[in-house]
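Notes for the one structure printed next.
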Amino acid sequence: MINGTEKQKSPIGIFDSGYGGLTVLSEIKSLLPNYDYIYLGDNARAPYGNRSFELVYEFTREAVRWLFEQNCRLVILACNTASAKALRSIQQIDLPQTNPAKRVLGVIRPTVESVGALTKTGHVGVFGTSGTIKSQSYDIEIAKLHPQLQVAAEACPMWVPLVENNEFDKPGADYFVKKHIDNLLKKDGQIDAIILGCTHYPLLISKIEQFLPKNIRVVSQGKYVAESLKDYLHRHPEIEKKCSKNGTVNFFTTDSPENFGELASLFLNEKIEAQKIKID
Ligand code: DGL
């Protein structure tokens, strides 16, 4: 657990079911290097993608509560499944009752805000977990912000396990990557921008680009989430002032810290040491 001195800090919490949120953390850290961060991966219960609304909400709430206990005032759900299934309830029901001064933000809105400028045909594709796609969160947000766009979505239930099991750059991944690209393009052949609506998927980007026609742009969300966080901190000085700034990142996982460190080091290209915690 975090010791007393560390607790004086008020880091920004970054949460994902597993490793995927590291793709968001990496972009946030490079844009906003001065803040302190805590990354929490609920690897023991990942993947979340096929789980029910109730369970994703319960797990996400527990993770957010743990991050609040570590003195985070601002938590980013760097997970589309949690953003799709738990964010609204946490923001509208939990925070006002239990932590009115704390904030929880997701990744779907910032991604959707950026997509309007990235398509010329007005036809956009979305890849995501079964949970994210079934929730229709992207369709709903795109309809609100860019009602002129056509959206086609495809659930890719095998992609997260390929990443979590370090198979994302191996030949076995080819079949599942090609299959979902073909399915999506059959749904709409005019797509020219595809949102990777799962924070694990940037790890598959070289495979995705290998099977995708060259005219289609792939939208990884980390950069947009980072820019949106920067803008949020600028617009909310009352939160920004309270975030500590020593440039540290601490990693926590609910499963083996050795396994987490090994795979996270690959994701982030630096040596990562994680600590194990229990949040249920
Ligand atoms: N990174 C999560 C997301 O963005 C992964 C979901 C999962 O655990 O299945 O949706």
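Lettering and numbering for the structure tokens are positional, with chains as A, B, ... in the shown order, residues counted from 1 in each chain, and ligands counted from 1 in the shown order.
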
* Secondary structure check, alpha helix (DSSP H) residues of segment 38-232 of chain A, as a PyMOL selection string -> chain A and resi 53-69+80-85+87-89+95-98+108-115+130-135+137-145+159-164+173-187+205-211+222-232

* To do: Please identify all polymer residues within 6 Å of segment 244-250 of chain A, counting only C-alpha atoms, omitting same-chain residues fewer than 2 positions from it, and present them as a list in words.
  =>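 In the requested format, the answer is Lys9, Ser10, Pro11, Pro33, Asn34, Tyr35, Asp36, Tyr37 and Ile38 of chain A.
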
Output of the above residues as a short mmCIF file (atom, residue, chain, number, x, y, z; two decimals), in the first residue's frame, restricted to all heavy atoms:
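Generated output (part_15.cif):
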data_model
loop_
_atom_site.label_atom_id
_atom_site.label_comp_id
_atom_site.auth_asym_id
_atom_site.auth_seq_id
_atom_site.Cartn_x
_atom_site.Cartn_y
_atom_site.Cartn_z
N LYS A 9 0.60 13.30 -1.39
CA LYS A 9 0.41 13.68 -2.78
C LYS A 9 -1.05 13.55 -3.18
O LYS A 9 -1.78 12.77 -2.59
CB LYS A 9 1.18 12.73 -3.69
CG LYS A 9 2.66 12.86 -3.67
CD LYS A 9 3.20 11.86 -4.68
CE LYS A 9 4.69 11.69 -4.59
NZ LYS A 9 5.11 10.50 -5.33
N SER A 10 -1.42 14.30 -4.20
CA SER A 10 -2.74 14.07 -4.78
C SER A 10 -2.56 13.75 -6.26
O SER A 10 -2.60 14.63 -7.12
CB SER A 10 -3.63 15.28 -4.57
OG SER A 10 -4.91 14.94 -5.04
N PRO A 11 -2.31 12.46 -6.54
CA PRO A 11 -2.06 12.08 -7.93
C PRO A 11 -3.34 12.03 -8.74
O PRO A 11 -4.44 11.99 -8.19
CB PRO A 11 -1.45 10.67 -7.80
CG PRO A 11 -1.82 10.18 -6.45
CD PRO A 11 -2.27 11.33 -5.60
N PRO A 33 3.74 16.02 -18.18
CA PRO A 33 4.71 15.23 -17.42
C PRO A 33 4.86 15.62 -15.95
O PRO A 33 5.43 14.86 -15.17
CB PRO A 33 6.03 15.47 -18.18
CG PRO A 33 5.83 16.76 -18.89
CD PRO A 33 4.36 16.91 -19.17
N ASN A 34 4.37 16.81 -15.57
CA ASN A 34 4.69 17.29 -14.22
C ASN A 34 3.80 16.72 -13.12
O ASN A 34 4.15 16.77 -11.95
CB ASN A 34 4.59 18.82 -14.18
CG ASN A 34 5.61 19.44 -15.11
OD1 ASN A 34 6.64 18.82 -15.37
ND2 ASN A 34 5.31 20.62 -15.63
N TYR A 35 2.64 16.22 -13.49
CA TYR A 35 1.71 15.75 -12.47
C TYR A 35 2.15 14.39 -11.91
O TYR A 35 2.95 13.69 -12.52
CB TYR A 35 0.29 15.62 -13.05
CG TYR A 35 -0.29 16.96 -13.44
CD1 TYR A 35 -0.16 17.43 -14.74
CD2 TYR A 35 -0.92 17.76 -12.48
CE1 TYR A 35 -0.67 18.67 -15.10
CE2 TYR A 35 -1.43 19.01 -12.84
CZ TYR A 35 -1.30 19.46 -14.15
OH TYR A 35 -1.79 20.68 -14.49
N ASP A 36 1.59 14.03 -10.75
CA ASP A 36 1.78 12.68 -10.21
C ASP A 36 0.62 11.82 -10.68
O ASP A 36 -0.53 12.30 -10.73
CB ASP A 36 1.79 12.72 -8.67
CG ASP A 36 3.00 13.47 -8.15
OD1 ASP A 36 4.11 13.21 -8.64
OD2 ASP A 36 2.83 14.34 -7.27
N TYR A 37 0.92 10.55 -10.98
CA TYR A 37 -0.12 9.63 -11.46
C TYR A 37 -0.09 8.33 -10.68
O TYR A 37 0.99 7.87 -10.27
CB TYR A 37 0.10 9.30 -12.95
CG TYR A 37 0.03 10.51 -13.86
CD1 TYR A 37 1.19 11.15 -14.29
CD2 TYR A 37 -1.20 11.03 -14.25
CE1 TYR A 37 1.13 12.28 -15.10
CE2 TYR A 37 -1.27 12.16 -15.07
CZ TYR A 37 -0.10 12.78 -15.49
OH TYR A 37 -0.16 13.90 -16.28
N ILE A 38 -1.27 7.74 -10.52
CA ILE A 38 -1.36 6.36 -10.04
C ILE A 38 -2.10 5.58 -11.12
O ILE A 38 -3.19 5.99 -11.53
CB ILE A 38 -2.22 6.23 -8.76
CG1 ILE A 38 -1.53 6.83 -7.57
CG2 ILE A 38 -2.49 4.75 -8.48
CD1 ILE A 38 -2.21 6.47 -6.27
#

For the contact check between chain A and ligand 1, emit one row per residue of chain A within 6 Å, containing the shortest atom pair and the distance in Å rounded to one decimal, counting only C-alpha atoms and all ligand atoms, chain then rising number order, as JSON lines.
{"residue": "A:Asp16", "atom": "CA", "partner": "ligand 1", "partner_atom_place_in_ligand_line": "1 (N)", "distance": 5.8}
{"residue": "A:Ser17", "atom": "CA", "partner": "ligand 1", "partner_atom_place_in_ligand_line": "8 (O)", "distance": 4.7}
{"residue": "A:Gly20", "atom": "CA", "partner": "ligand 1", "partner_atom_place_in_ligand_line": "1 (N)", "distance": 4.3}
{"residue": "A:Gly21", "atom": "CA", "partner": "ligand 1", "partner_atom_place_in_ligand_line": "1 (N)", "distance": 5.8}
{"residue": "A:Ala46", "atom": "CA", "partner": "ligand 1", "partner_atom_place_in_ligand_line": "8 (O)", "distance": 4.9}
{"residue": "A:Pro47", "atom": "CA", "partner": "ligand 1", "partner_atom_place_in_ligand_line": "8 (O)", "distance": 3.3}
{"residue": "A:Tyr48", "atom": "CA", "partner": "ligand 1", "partner_atom_place_in_ligand_line": "8 (O)", "distance": 3.7}
{"residue": "A:Gly49", "atom": "CA", "partner": "ligand 1", "partner_atom_place_in_ligand_line": "9 (O)", "distance": 3.2}
{"residue": "A:Cys79", "atom": "CA", "partner": "ligand 1", "partner_atom_place_in_ligand_line": "4 (O)", "distance": 3.5}
{"residue": "A:Asn80", "atom": "CA", "partner": "ligand 1", "partner_atom_place_in_ligand_line": "4 (O)", "distance": 3.7}
{"residue": "A:Thr81", "atom": "CA", "partner": "ligand 1", "partner_atom_place_in_ligand_line": "10 (O)", "distance": 4.0}
{"residue": "A:Thr129", "atom": "CA", "partner": "ligand 1", "partner_atom_place_in_ligand_line": "10 (O)", "distance": 5.7}
{"residue": "A:Val160", "atom": "CA", "partner": "ligand 1", "partner_atom_place_in_ligand_line": "9 (O)", "distance": 5.7}
{"residue": "A:Cys198", "atom": "CA", "partner": "ligand 1", "partner_atom_place_in_ligand_line": "4 (O)", "distance": 3.3}
{"residue": "A:Thr199", "atom": "CA", "partner": "ligand 1", "partner_atom_place_in_ligand_line": "4 (O)", "distance": 4.0}
{"residue": "A:His200", "atom": "CA", "partner": "ligand 1", "partner_atom_place_in_ligand_line": "1 (N)", "distance": 4.8}

* **Spatial neighbours of Glu58 of chain A, max dist 12 Å, only C-alpha atoms, sep filter under 2 positions, as a PyMOL selection string** => chain A and resi 45+48+51-56+60-65+82+85-87+89-90+94+279-280

* To do: Considering only C-alpha atoms, return as a list in words whatever protein or nucleic-acid residues lie within 9 Å of Leu203 of chain A, sequence-local ones (same chain, fewer than 2 positions apart) excluded.
  =>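 Surrounding residues, per the criterion: Gly20, Thr23, Val163, Phe168, Asp169, Thr199, His200, Tyr201, Ile205, Ser206, Lys207 and Phe267 of chain A.
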